[in-house]
Amino acid sequence: MIQPRGRHAVVALGLSLILATIAAGQQGKSVDQSTKPIERNSRIYIAPIEGGFDTFLAAAIIKKQVPVTVVTDRTKADYEITGIASTEKAGWAKMLFMGVDNSNDLASVKVVELKSSEVVYGYAVRKGNSYRGKQSAAEACAKHLKEKIEGK
Amino acid sequence: MKHWKLFGVLLLAATVYSESARAQQPQSQTPPQAQTPPQAQAKIPAGSKVFVAAMGGFETPLKKAMAEKKVPLEIVEQREQAEYEITGTSESKKASTAKKIIMKSWHSDEEASIKVASVKTGEIVYAYSVHKQDSAHGQRSTAEACAKHLKDEAVAAK
């Protein structure tokens with residue numbers, strides 16, 4: 001039989017494992033330090049982002065009905081979105097212990113007003129157990145951008 | 001002896017947790033996790049000329065899927081002749097050895113995203129992204145999802 005002390009250790013280890021797993025799946029937080037609004041119906045250019053994340057972001061902006069017009073020509077835009085994104089595939093340990101093979105996705109975008117070159121908005125997201133990969137991270141960015149534009 | 005018991009309990013806990021996590025996971029062969037852009041209204045007139053730009057090989061299954069799904073757009077080979085341009089990205093992740101052994105799945109994970117821009121104005125009129133886990137037909141599945149949604153949501157009826 002396991003001694004009471006040992007049992008406590010097992011419980012503690014199990015709890016730590018579960019808590020660590022839950023913590024790993026948490027999303028990132030918004031990074032918003034500018035009070036300058038982003039005008040509704042403004043024209044936004046999305047610069048190429050590693051791994052084609054810019055295309056996912058454009059799709060997410062349309063899906064989330066963000067009140068902007070996405071353009072492909074930077075010279076015709078009022079704002080520019082730049083950023084980085086990365087995807088980490090699930091390792092064998094994650095598959096073995098959690099039974100899932102979802103990736104970890106990380107993305108960070110910033111919106112720059114082209115006229116003043118001022119960063120008006122920034123947002124970073126980390127999806128620890130992203131079922132839809134880049135799409136989830138892109139939709140999180142679009143959702144928060146919409147909230148910023150609508151002043152929520 | 002004590003260590004073996006401890007190891008056994010930990011393994012059991014991990015297995016139980018693994019099974020509960022698996023139970024929460026949507027089934028792999030459920031309908032695709034496709035996204036429907038609600039903003040996408042019929043903006044592209046049927047019969048418009050579209051140019052499908054290079055997407056690292058994804059353009060070939062996409063053109064094929066557009067033909068199979070009877071998307072009412074005319075695909076042209078020269079960008080200058082086109083009214084709209086389709087650009088995008090696609091990524092295919094083959095099943096790793098760990099996935100084959102642990103998850104018992106040989107299928108790849110696929111994701112793709114396309115956007116349709118007006119050549120004249122540079123405005124993006126439609127965009128769509130799709131992610132398929134354990135895709136039975138690889139890139140073909142994502143290409144067909146893109147074509148289907150392009151037809152249903154972006155192209156105006158004649």
# chains A, B, ... in the order shown; residues from 1 in each chain; ligands from 1
$ interface_residues --of "chain A" --to "chain B" --cutoff "8 Å" --atoms "only C-alpha atoms" --output "JSON, numbers by chain"
{"A": [1, 2, 6, 10, 14, 51, 52, 55, 56, 58, 59, 60, 62, 63, 64, 65, 69, 70, 71, 72, 73, 91, 92, 95, 96, 97, 98, 99, 100, 101, 132, 133, 135]}
$ residues_around --residues "Ser103 in chain A" --least-positions-apart "6" --cutoff "10 Å" --atoms "only C-alpha atoms" --output "ChimeraX atom specification"
/A:87-91,94,127-134
$ select_by_dssp --residues "range 45-125 of chain B" --states "strand (DSSP E or B)" --output "PyMOL selection string"
chain B and resi 45+49-52+74-76+84-93+108-118+123-125
$ write_last_selection --atoms "C-alpha atoms" --output "PDB file, in the first residue's frame"
ATOM      1  CA  PRO B  45     -20.815  38.434 -60.684  1.00  0.00           C
ATOM      2  CA  LYS B  49     -12.756  36.102 -65.028  1.00  0.00           C
ATOM      3  CA  VAL B  50     -10.516  35.002 -62.172  1.00  0.00           C
ATOM      4  CA  PHE B  51      -6.836  34.382 -62.004  1.00  0.00           C
ATOM      5  CA  VAL B  52      -5.647  31.793 -59.502  1.00  0.00           C
ATOM      6  CA  GLU B  74     -14.024  31.652 -65.683  1.00  0.00           C
ATOM      7  CA  ILE B  75     -10.450  30.783 -64.796  1.00  0.00           C
ATOM      8  CA  VAL B  76      -7.882  32.602 -66.907  1.00  0.00           C
ATOM      9  CA  TYR B  84     -10.462  39.052 -59.778  1.00  0.00           C
ATOM     10  CA  GLU B  85      -7.440  37.357 -58.347  1.00  0.00           C
ATOM     11  CA  ILE B  86      -7.418  34.451 -55.910  1.00  0.00           C
ATOM     12  CA  THR B  87      -4.403  34.277 -53.640  1.00  0.00           C
ATOM     13  CA  GLY B  88      -3.860  32.225 -50.549  1.00  0.00           C
ATOM     14  CA  THR B  89      -1.867  29.768 -48.572  1.00  0.00           C
ATOM     15  CA  SER B  90      -2.060  26.124 -47.717  1.00  0.00           C
ATOM     16  CA  GLU B  91      -0.276  23.908 -45.234  1.00  0.00           C
ATOM     17  CA  SER B  92      -0.232  20.169 -44.964  1.00  0.00           C
ATOM     18  CA  LYS B  93       1.065  18.346 -41.893  1.00  0.00           C
ATOM     19  CA  SER B 108      -2.735  14.511 -42.442  1.00  0.00           C
ATOM     20  CA  ASP B 109      -3.885  17.781 -40.916  1.00  0.00           C
ATOM     21  CA  GLU B 110      -4.683  20.361 -43.557  1.00  0.00           C
ATOM     22  CA  GLU B 111      -5.292  24.060 -43.463  1.00  0.00           C
ATOM     23  CA  ALA B 112      -5.880  26.532 -46.221  1.00  0.00           C
ATOM     24  CA  SER B 113      -6.949  30.089 -46.625  1.00  0.00           C
ATOM     25  CA  ILE B 114      -7.875  31.987 -49.762  1.00  0.00           C
ATOM     26  CA  LYS B 115      -8.781  35.565 -50.544  1.00  0.00           C
ATOM     27  CA  VAL B 116     -10.398  37.008 -53.641  1.00  0.00           C
ATOM     28  CA  ALA B 117      -9.379  40.531 -54.558  1.00  0.00           C
ATOM     29  CA  SER B 118     -10.668  42.801 -57.264  1.00  0.00           C
ATOM     30  CA  GLU B 123     -10.297  45.387 -52.455  1.00  0.00           C
ATOM     31  CA  ILE B 124     -10.679  41.958 -50.941  1.00  0.00           C
ATOM     32  CA  VAL B 125     -14.234  40.925 -51.715  1.00  0.00           C
TER      33      VAL B 125
END
$ closest_residue --among "A:Val119, A:Ala138, A:Val66, A:Ile44" --to "Ile84 in chain A" --atoms "only C-alpha atoms"
A:Ala138
$ atom_distance --atom1 "CA of Tyr45 in chain A" --atom2 "CA of Thr82 in chain A"
8.8 Å
$ atom_distance --atom1 "CA of Ser86 in chain A" --atom2 "CA of Ser105 in chain B"
24.2 Å
$ closest_residue --among "B:Ala82, B:Ala46, B:Ala136, B:Ala147" --to "Ala67 in chain B" --atoms "only C-alpha atoms"
B:Ala147
$ decode --residues "range 113-150 of chain A" --atoms "N, CA and C atoms" --output "tab-separated table (two decimals), in the first residue's frame"
chain	number	residue	atom	x	y	z
A	113	GLU	N	-1.18	53.42	-38.05
A	113	GLU	CA	-1.81	54.45	-38.89
A	113	GLU	C	-0.73	54.96	-39.84
A	114	LEU	N	-0.97	54.80	-41.13
A	114	LEU	CA	0.09	55.10	-42.10
A	114	LEU	C	0.43	56.59	-42.18
A	115	LYS	N	-0.57	57.43	-41.93
A	115	LYS	CA	-0.35	58.87	-42.02
A	115	LYS	C	0.62	59.36	-40.95
A	116	SER	N	0.41	58.88	-39.72
A	116	SER	CA	1.23	59.35	-38.61
A	116	SER	C	2.29	58.35	-38.18
A	117	SER	N	2.26	57.14	-38.76
A	117	SER	CA	3.16	56.04	-38.37
A	117	SER	C	3.01	55.66	-36.89
A	118	GLU	N	1.87	55.94	-36.35
A	118	GLU	CA	1.63	55.63	-34.94
A	118	GLU	C	0.99	54.25	-34.79
A	119	VAL	N	1.50	53.49	-33.83
A	119	VAL	CA	0.89	52.19	-33.55
A	119	VAL	C	-0.37	52.46	-32.73
A	120	VAL	N	-1.52	52.21	-33.33
A	120	VAL	CA	-2.77	52.52	-32.65
A	120	VAL	C	-3.35	51.33	-31.89
A	121	TYR	N	-2.89	50.15	-32.24
A	121	TYR	CA	-3.43	48.96	-31.56
A	121	TYR	C	-2.46	47.79	-31.70
A	122	GLY	N	-2.40	47.00	-30.66
A	122	GLY	CA	-1.57	45.80	-30.70
A	122	GLY	C	-2.27	44.68	-29.96
A	123	TYR	N	-2.12	43.50	-30.43
A	123	TYR	CA	-2.77	42.37	-29.76
A	123	TYR	C	-1.92	41.11	-29.94
A	124	ALA	N	-1.81	40.38	-28.85
A	124	ALA	CA	-1.05	39.13	-28.88
A	124	ALA	C	-1.90	38.01	-28.35
A	125	VAL	N	-1.85	36.88	-28.99
A	125	VAL	CA	-2.65	35.74	-28.55
A	125	VAL	C	-1.81	34.47	-28.59
A	126	ARG	N	-2.07	33.61	-27.60
A	126	ARG	CA	-1.41	32.31	-27.59
A	126	ARG	C	-2.47	31.26	-27.34
A	127	LYS	N	-2.59	30.36	-28.25
A	127	LYS	CA	-3.57	29.27	-28.10
A	127	LYS	C	-2.79	27.99	-27.83
A	128	GLY	N	-2.90	27.53	-26.60
A	128	GLY	CA	-2.11	26.37	-26.16
A	128	GLY	C	-2.59	25.05	-26.72
A	129	ASN	N	-3.84	24.98	-27.10
A	129	ASN	CA	-4.37	23.71	-27.59
A	129	ASN	C	-5.36	24.03	-28.70
A	130	SER	N	-4.84	24.59	-29.76
A	130	SER	CA	-5.69	25.16	-30.80
A	130	SER	C	-6.22	24.08	-31.74
A	131	TYR	N	-7.52	23.89	-31.72
A	131	TYR	CA	-8.11	22.84	-32.56
A	131	TYR	C	-8.11	23.24	-34.04
A	132	ARG	N	-8.22	24.54	-34.29
A	132	ARG	CA	-8.28	24.99	-35.68
A	132	ARG	C	-7.01	25.72	-36.12
A	133	GLY	N	-5.95	25.51	-35.41
A	133	GLY	CA	-4.66	26.05	-35.81
A	133	GLY	C	-4.65	27.56	-35.97
A	134	LYS	N	-4.08	28.01	-37.07
A	134	LYS	CA	-3.92	29.46	-37.32
A	134	LYS	C	-5.26	30.18	-37.36
A	135	GLN	N	-6.27	29.45	-37.79
A	135	GLN	CA	-7.60	30.05	-37.91
A	135	GLN	C	-8.08	30.59	-36.55
A	136	SER	N	-7.84	29.84	-35.49
A	136	SER	CA	-8.27	30.26	-34.15
A	136	SER	C	-7.55	31.55	-33.73
A	137	ALA	N	-6.25	31.56	-33.94
A	137	ALA	CA	-5.46	32.74	-33.56
A	137	ALA	C	-5.89	33.95	-34.38
A	138	ALA	N	-6.12	33.75	-35.67
A	138	ALA	CA	-6.53	34.85	-36.55
A	138	ALA	C	-7.90	35.40	-36.13
A	139	GLU	N	-8.80	34.51	-35.77
A	139	GLU	CA	-10.13	34.95	-35.37
A	139	GLU	C	-10.10	35.70	-34.03
A	140	ALA	N	-9.19	35.31	-33.16
A	140	ALA	CA	-9.03	36.04	-31.90
A	140	ALA	C	-8.55	37.46	-32.17
A	141	CYS	N	-7.60	37.58	-33.09
A	141	CYS	CA	-7.07	38.91	-33.46
A	141	CYS	C	-8.18	39.76	-34.06
A	142	ALA	N	-8.96	39.17	-34.96
A	142	ALA	CA	-10.03	39.92	-35.64
A	142	ALA	C	-11.11	40.35	-34.65
A	143	LYS	N	-11.45	39.46	-33.74
A	143	LYS	CA	-12.49	39.75	-32.75
A	143	LYS	C	-12.08	40.95	-31.88
A	144	HIS	N	-10.84	40.94	-31.44
A	144	HIS	CA	-10.38	42.03	-30.57
A	144	HIS	C	-10.18	43.33	-31.35
A	145	LEU	N	-9.83	43.20	-32.61
A	145	LEU	CA	-9.71	44.40	-33.45
A	145	LEU	C	-11.08	45.04	-33.63
A	146	LYS	N	-12.08	44.21	-33.80
A	146	LYS	CA	-13.45	44.71	-33.95
A	146	LYS	C	-13.89	45.44	-32.68
A	147	GLU	N	-13.54	44.85	-31.54
A	147	GLU	CA	-13.90	45.49	-30.26
A	147	GLU	C	-13.21	46.84	-30.11
A	148	LYS	N	-11.98	46.91	-30.58
A	148	LYS	CA	-11.25	48.18	-30.52
A	148	LYS	C	-11.93	49.23	-31.41
A	149	ILE	N	-12.31	48.82	-32.62
A	149	ILE	CA	-12.94	49.77	-33.56
A	149	ILE	C	-14.30	50.22	-33.02
A	150	GLU	N	-15.02	49.28	-32.47
A	150	GLU	CA	-16.36	49.62	-31.96
A	150	GLU	C	-16.31	50.25	-30.57
